[in-house]
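Peer 1: The following block contains the structure, expressed as structure tokens.
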Amino acid sequence: MTITDDNVDTNAVPTPDNNLNDHKPVGFGRMLRKEDPRFVRGMGQYCDDVQLPGMLHLAILRSPLAHARIVSIDKTAAEAHPKVVAVITGADLAEQNLAWMPTLSNDVQAVLATDKVRFQHQEVAFVVAEDRYAARDALELIDVEYDDLDPVIDVRTALEPDAPIIRDDLEGKTNNHCFDWETGDKDATDAVFADAEVVVSEDIVYPRVHPAPMETCGCVADFERVSGKLTLWSTTQAPHAHRTVYALVAGLPEHKIRIIAPDIGGGFGNKVPIYPGYVCAIVASLVIGKPVKWMEDRTENLVSTGFARDYVMRGEIAASKDGKIRAIRTHVLADHGAFNGVAAPTKYPAGFFGVFTGSYDLEAAYAHMTAVYTNKAPGGVAYACSFRITEAVYLVERMVDVLAHELDMDPAELRLQNFIQPDQFPYETKTGWIYDSGDYEPTMRKAMAMAGYDELRREQAEKRERGELMGIGISFFTEAVGAGPRKDMDILGLGMADGCELRIHPTGKAVVRLSVKTQGQGHETTFAQIIGEEIGIPPDDIEVVHGDTDNTPFGLGTYGSRSTPVSGAAAALVARKVRDKAQIIASGMLEVSVADVEYEAGTFRVKGDPEKSVTIQDVAMKAHGAGDLPEGVEGGLEAQICYNPDNLTYPFGAYICVVDVDPGTAQVTVRRFIAVDDCGTQINPMIIEGQVHGGLTDGIGMALMEMISFDEAGNCLAGSLMDYLIPTAMEVPNWETGHTVTPSPHHPIGAKGVGESATVGSPPAIVNAVVDALKPYGIRHADMPLTPSRVWETMQGNHTPPI
Amino acid sequence: MDVTMNINGEEVTSDIEPRTLLVHYLRDHLGMTGTHWGCDTSNCGTCVVWVDGEPVKSCTTLAAMAGGHEVRTVEGLEVDGELDPVQEGFIQCHGLQCGFCTPGMMMTARALIDANPDPTDDEIREAISGQICRCTGYATIVRSIQWAAAKEREQAVTLSPTGSAS
């Protein structure tokens with residue numbers, strides 16, 4: 001059942017007189033973040049803040065060319081630099097069998113190039129020196145001779161017979177083919193298309209973009225010779241998974257590796273993969289026996305680490321004349337760069353792109369994908385995409401608008417008449433995904449009401465009469481987040497479950513240890529709230545420990561909006577396990593049978609005699625104290641679990657964007673943006689609102705500004721924040737947010753993930769709005785980024801895809 | 001070369017390379033890691049500190065240029081254990097998530113409110129337009145700064161001997 005909470009003003013703003021906090025001692029609701037007092041004092045500790053005695057600095061020499069054979073490397077001058085401790089090349093690493101490493105997609109990637117370079121800015125050598133500046137100076141002293149090769153830059157030419165072979169390191173490789181993948185029923189889909197009254201198709205490009213977290217990637221590796229222990233402070237969203245991979249790659253015993261993910265300055269997927277720099281720093285510390293810091297500069301982050309998207313798609317919809325969407329078909333050409341570095345579950349090489357069927361009840365669906373190698377940086381899944389759902393949602397929501405254009409129907413009405421209905425949940429899509437719960441129409445209606453949709457359409461009609469370009473864009477998305485059930489989902493053979501451990505101290509305070517890792521999402525607050533809600537201990541009395549493999553249980557980490565769906569469930573269930581034990585101890589203290597004890601908000605009462613009660617704090621002292629416990633009950637009050645989700649969770653939302661386009665300059669201004677999200681049970685509405693705001697800003701960035709582009713030679717043209725444009729406060733409106741609540745039936749507290757919802761859902765709303773604004777020009781589609789120059793060309797009939 | 005500057009009220013002298021950037025001087029030489037290094041090109045603003053009361057980007061300022069001047073960093077916002085209203089506002093209005101851009105944002109916000117105690121939302125957006133936040137979408141930052149400005153105006157009323165804003 002969906003709760004539409006119309007009485008709550010979700011856009012209320014705190015003031016010094018009214019902080020809006022729920023003032024609940026425990027549980028869910030608006031609660032200020034426990035992590036903020038350190039951050040506002042500048043006392044966060046990020047990777048680059050780690051300074052150890054005797055610490056050395058590592059800098060990486062990168063290739064100036066996109067595709068070239070390495071003829072020779074002369075490092076003598078660099079080695080002679082007075083502050084340089086070591087200069088290491090690929091050949092040096094090859095001697096230790098460390099020149100190549102596995103990627104998270106069962107491909108291999110060069111740590112340092114040995115044979116040839118395969119993308120501009122690929123890692124070629126590294127220097128370790130006494131300080132940051134000296135390490136950079138010495139890079140200039142390394143002399144590399146390259147033999148230039150033709151690069152493959154345009155993804156559409158990668159499979160041409162005469163295309164240069166990029167991955168000649170792979171035995172028998174005679175082309176640039178990476179993988180093929182398909183989902184759905186091709187024959188059934190073709191049959192629907194064959195007898196459909198209306199078929200629309202459109203070529204749609206989702207250009208390469210970059211998550212560009214404010215903190216770049218880096219680490220401090222500290223190998224201690226005597227104990228044989230490696231401690232790695234690392235910008236990682238997945239410390240446990242990284243530890244296991246390092247153990248497998250470097251041959252270090254896993255118990256001798258400790259990964260500490262300190263405060264992380266934003267991740268967005270950029271800090272999931274293992275980059276060569278981490279391995280270089282580990283090798284350097286192992287060899288030199290001193291702590292070694294590697295920290296990217298901004299250019300290195302943009303040009304070499306995990307990018308996102310880069311899908312060239314053909315979308316097709318089959319429909320009836322009255323607007324019943326019957327089938328969706330798509331072919332995708334995926335640019336994976338020089339190495340397949342995608343971080344996605346093993347059986348899902350295209351991530352969760354299979355949810356391209358959207359929020360609609362279809363007769364059939366089919367997707368086919370061809371992925372190729374090009375001479376560009378590796379990566380593919382990053383930037384808050386929920387494993388390629390960003391691309392999937394963009395495709396379907398853009399195509400629905402194309403259909404609306406074709407049928408001359410209102411895009412809101414078209415969506416409303418095709419939604420999966422509430423009584424169809426759990427709903428199995430034509431590509432095999434089981435949507436857990438949903439009630440789409442109230443969410444859509446709420447967004448339309450908040451926007452004043454009919455009034456906006458009237459305003460638009462008036463403006464069109466006057467030659468003004470105003471557009472209204474809609475998207476309705478369903479996400480699949482919370483990977484995932486271990487029967488289907490693993491990364492490099494590691495099941496995507498998460499552990500959680502809860503200990504109640506004698507005085508009733510607690511510590512909870514998580515396998516996931518915040519990069520700003522506020523885990524230290526929300527997880528304390530989850531425990532508080534379940535067991536009645538105030539969140540302020542609960543220490544949340546995360547991001548340290550020596551002090552937390554194993555689990556796969558924070559990405560793909562999976563913390564709340566997976567680890568949040570683990571936290572709720574571990575608290576219930578502790579509560580069950582506490583109830584037994586309470587029954588002994590109250591001298592009644594367990595069945596006669598009832599629990600409410602931190603208190604155990606005798607049924608029918610509510611005056612007789614003990615609190616969780618009383619029980620905690622008893623559990624650790626003197627005197628007998630009920631028979632068979634051990635002392636202490638703690639538990640640990642590993643949670644394997646039954647299914648993903650499927651949050652959804654309705655977004656409406658209003659833009660104005662200047663007919664003289666083609667400048668797009670986002671005037672309003674209305675976002676109504678449904679992520680099931682809400683733990684902390686303040687944090688949810690913040691997550692949504694951030695994602696909406698990502699959407700404006702991708703739709704209007706951001707693109708990692710290359711010239712014909714493979715030079716990356718977006719190597720700084722002067723070239724790779726990210727929205728500032730000037731480009732985004734004052735967000736208007738709302739919510740509905742449709743709990744997940746299988747999650748213990750009914751919560752769904754929300755971290756990426758707005759990044760996924762907002763780009764089509766913005767593009768649909770711009771295309772709607774350009775309707776007087778007869779335009780049905782325009783590719784992102786909709787910069788003034790690209791919009792201007794589109795208005796002149798010269799639209800070109802951003803490839 | 002020897003460089004002497006006043007940082008958060010304390011005189012500091014160091015022997016540094018002339019090319020040392022102010023951000024690296026603060027972080028690597030003095031261990032004042034509240035100021036962050038984000039982009040090298042003056043675009044992201046995570047490195048903003050004050051020099052003689054004006055916000056500057058310390059990634060494109062030489063430490064030597066700050067010699068003989070007064071530098072204020074995020075570590076200097078809290079006075080005698082009391083948070084600056086800007087710091088309080090960021091906590092109250094969820095003006096931060098990962099916290100990386102926050103020190104620079106707050107230094108700019110402090111300078112804005114000093115110059116303009118009652119800014120409009122548009123003035124706030126313009127003031128922080130040289131800074132990037134990848135997490136919040138800015139609306140909560142605008143609210144945070146409004147919160148701080150409102151609190152200071154209220155305090156001004158309370159503290160004024162006539163009971164009205166001066």
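Labels for the structure tokens follow display order: chains A, B, ..., residues from 1 in each chain, ligands from 1.
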Could you pull the residues within 9 Å of range 603-618 of chain A, counting only C-alpha atoms, minus those fewer than 5 positions along the same chain, as a list in words?
Peer 2: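 What passes the distance filter is Ile504, His505, Pro506, Thr507, Gly508, Lys509, Ile535, Gly536, Ile537, Arg579, Ala582, Gln583, Ala586, Ser587, Met589, Leu590, Val592, Ala595, Asp596, Val597, Glu598 and Ala623 of chain A.
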Peer 1: Write out, as a PDB file, in the first residue's frame, the residues just selected, with N, CA and C atoms.
Peer 2:
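File produced: result-v2.pdb:
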ATOM      1  N   ILE A 504      26.100  -4.841  22.578  1.00  0.00           N
ATOM      2  CA  ILE A 504      25.581  -3.907  23.575  1.00  0.00           C
ATOM      3  C   ILE A 504      26.534  -3.962  24.769  1.00  0.00           C
ATOM      4  N   HIS A 505      27.028  -2.813  25.162  1.00  0.00           N
ATOM      5  CA  HIS A 505      27.945  -2.746  26.299  1.00  0.00           C
ATOM      6  C   HIS A 505      27.166  -2.848  27.609  1.00  0.00           C
ATOM      7  N   PRO A 506      27.850  -3.147  28.720  1.00  0.00           N
ATOM      8  CA  PRO A 506      27.138  -3.310  29.996  1.00  0.00           C
ATOM      9  C   PRO A 506      26.255  -2.119  30.364  1.00  0.00           C
ATOM     10  N   THR A 507      26.681  -0.904  30.052  1.00  0.00           N
ATOM     11  CA  THR A 507      25.885   0.265  30.443  1.00  0.00           C
ATOM     12  C   THR A 507      24.783   0.595  29.440  1.00  0.00           C
ATOM     13  N   GLY A 508      24.582  -0.283  28.473  1.00  0.00           N
ATOM     14  CA  GLY A 508      23.475  -0.067  27.540  1.00  0.00           C
ATOM     15  C   GLY A 508      23.838   0.767  26.330  1.00  0.00           C
ATOM     16  N   LYS A 509      25.086   1.126  26.216  1.00  0.00           N
ATOM     17  CA  LYS A 509      25.545   1.762  24.976  1.00  0.00           C
ATOM     18  C   LYS A 509      25.900   0.648  23.994  1.00  0.00           C
ATOM     19  N   ILE A 535      15.805  -1.602  18.697  1.00  0.00           N
ATOM     20  CA  ILE A 535      16.178  -2.087  20.028  1.00  0.00           C
ATOM     21  C   ILE A 535      16.022  -1.031  21.116  1.00  0.00           C
ATOM     22  N   GLY A 536      15.688   0.194  20.714  1.00  0.00           N
ATOM     23  CA  GLY A 536      15.342   1.206  21.695  1.00  0.00           C
ATOM     24  C   GLY A 536      16.508   1.936  22.319  1.00  0.00           C
ATOM     25  N   ILE A 537      17.690   1.755  21.796  1.00  0.00           N
ATOM     26  CA  ILE A 537      18.837   2.516  22.306  1.00  0.00           C
ATOM     27  C   ILE A 537      18.950   3.796  21.470  1.00  0.00           C
ATOM     28  N   ARG A 579      17.765  -8.469  20.313  1.00  0.00           N
ATOM     29  CA  ARG A 579      16.532  -8.214  21.065  1.00  0.00           C
ATOM     30  C   ARG A 579      15.889  -9.525  21.540  1.00  0.00           C
ATOM     31  N   ALA A 582      17.767 -10.547  24.441  1.00  0.00           N
ATOM     32  CA  ALA A 582      17.457  -9.635  25.554  1.00  0.00           C
ATOM     33  C   ALA A 582      16.104  -9.985  26.167  1.00  0.00           C
ATOM     34  N   GLN A 583      15.191 -10.432  25.313  1.00  0.00           N
ATOM     35  CA  GLN A 583      13.856 -10.775  25.817  1.00  0.00           C
ATOM     36  C   GLN A 583      13.915 -11.991  26.749  1.00  0.00           C
ATOM     37  N   ALA A 586      15.366 -10.734  29.909  1.00  0.00           N
ATOM     38  CA  ALA A 586      14.344  -9.924  30.583  1.00  0.00           C
ATOM     39  C   ALA A 586      13.319 -10.812  31.279  1.00  0.00           C
ATOM     40  N   SER A 587      12.970 -11.937  30.625  1.00  0.00           N
ATOM     41  CA  SER A 587      11.976 -12.831  31.239  1.00  0.00           C
ATOM     42  C   SER A 587      12.498 -13.366  32.565  1.00  0.00           C
ATOM     43  N   MET A 589      14.671 -11.780  34.492  1.00  0.00           N
ATOM     44  CA  MET A 589      14.663 -10.658  35.448  1.00  0.00           C
ATOM     45  C   MET A 589      13.248 -10.395  35.959  1.00  0.00           C
ATOM     46  N   LEU A 590      12.252 -10.611  35.090  1.00  0.00           N
ATOM     47  CA  LEU A 590      10.864 -10.325  35.468  1.00  0.00           C
ATOM     48  C   LEU A 590      10.177 -11.553  36.068  1.00  0.00           C
ATOM     49  N   VAL A 592       9.053 -14.289  34.665  1.00  0.00           N
ATOM     50  CA  VAL A 592       7.913 -14.819  33.915  1.00  0.00           C
ATOM     51  C   VAL A 592       8.475 -15.599  32.725  1.00  0.00           C
ATOM     52  N   ALA A 595       7.326 -16.037  26.762  1.00  0.00           N
ATOM     53  CA  ALA A 595       6.093 -15.738  26.028  1.00  0.00           C
ATOM     54  C   ALA A 595       5.251 -14.677  26.721  1.00  0.00           C
ATOM     55  N   ASP A 596       5.509 -14.474  27.998  1.00  0.00           N
ATOM     56  CA  ASP A 596       4.729 -13.478  28.729  1.00  0.00           C
ATOM     57  C   ASP A 596       5.378 -12.093  28.730  1.00  0.00           C
ATOM     58  N   VAL A 597       6.465 -11.971  27.979  1.00  0.00           N
ATOM     59  CA  VAL A 597       7.148 -10.670  27.907  1.00  0.00           C
ATOM     60  C   VAL A 597       6.846 -10.031  26.562  1.00  0.00           C
ATOM     61  N   GLU A 598       6.506  -8.751  26.591  1.00  0.00           N
ATOM     62  CA  GLU A 598       6.335  -8.052  25.312  1.00  0.00           C
ATOM     63  C   GLU A 598       7.312  -6.875  25.250  1.00  0.00           C
ATOM     64  N   ALA A 623      23.063  -8.850  31.497  1.00  0.00           N
ATOM     65  CA  ALA A 623      23.730  -9.799  30.604  1.00  0.00           C
ATOM     66  C   ALA A 623      25.228  -9.880  30.884  1.00  0.00           C
TER      67      ALA A 623
END
Peer 1: Give me, as a PyMOL selection string, the contact residues of chain B against chain A at a cut-off of 6 Å, counting only C-alpha atoms.
Peer 2: chain B and resi 33-34+38-39+74+87+97-100+125+129+132+135-139+147+151
Peer 1: Apply DSSP to the backbone of this structure and, from range 58-272 of chain A, keep only the residues in strand (DSSP E or B); write these as a ChimeraX atom specification.
Peer 2: /A:58-62,68-74,84-89,100-102,108-110,116-117,123-129,143-148,177-184,198-209,218-224,229-234,257-260,263
Peer 1: As a PyMOL selection string, please: the residues near range 103-110 of chain A (cut-off 7 Å, only C-alpha atoms, same-chain neighbours under 5 positions excluded).
Peer 2: chain A and resi 273+339-344+346+491-492
Peer 1: Which residues come within 9 Å of Asp660 in chain A, counting only C-alpha atoms, excluding same-chain residues fewer than 6 positions away, as a list of chain:residue names?
Peer 2: A:Glu468, A:Leu469, A:Met470, A:Gly471, A:Gln667, A:Val668, A:Thr669, A:Val670, A:Arg671, A:Ala769, A:Val770, A:Ala773
Peer 1: For the selection just defined, write its residues with C-alpha atoms to a file, as a PDB file, in the first residue's frame.
Peer 2:
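Now in result.pdb:
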ATOM      1  CA  GLU A 468       9.153  31.810 -26.440  1.00  0.00           C
ATOM      2  CA  LEU A 469      10.664  28.372 -25.919  1.00  0.00           C
ATOM      3  CA  MET A 470       9.430  26.721 -22.746  1.00  0.00           C
ATOM      4  CA  GLY A 471       9.596  22.967 -22.225  1.00  0.00           C
ATOM      5  CA  GLN A 667      21.020  28.597 -23.547  1.00  0.00           C
ATOM      6  CA  VAL A 668      18.910  26.176 -21.480  1.00  0.00           C
ATOM      7  CA  THR A 669      17.769  27.306 -18.042  1.00  0.00           C
ATOM      8  CA  VAL A 670      16.210  24.794 -15.678  1.00  0.00           C
ATOM      9  CA  ARG A 671      13.506  26.906 -14.088  1.00  0.00           C
ATOM     10  CA  ALA A 769      11.921  19.180 -21.398  1.00  0.00           C
ATOM     11  CA  VAL A 770      14.468  20.640 -23.826  1.00  0.00           C
ATOM     12  CA  ALA A 773      10.781  23.307 -25.777  1.00  0.00           C
TER      13      ALA A 773
END
Peer 1: Which distance in Å separates CA of Glu224 in chain A and CA of Asn270 in chain A, to one decimal?
Peer 2: 28.8 Å
Peer 1: Return the single residue from B:Asp84, B:Glu70, B:Glu54, B:Glu78 that is closest to Glu10 in chain B, with distances computed using only C-alpha atoms.
Peer 2: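 Of B:Asp84, B:Glu70, B:Glu54, B:Glu78, the one nearest Glu10 in chain B is B:Glu70, counting only C-alpha atoms.
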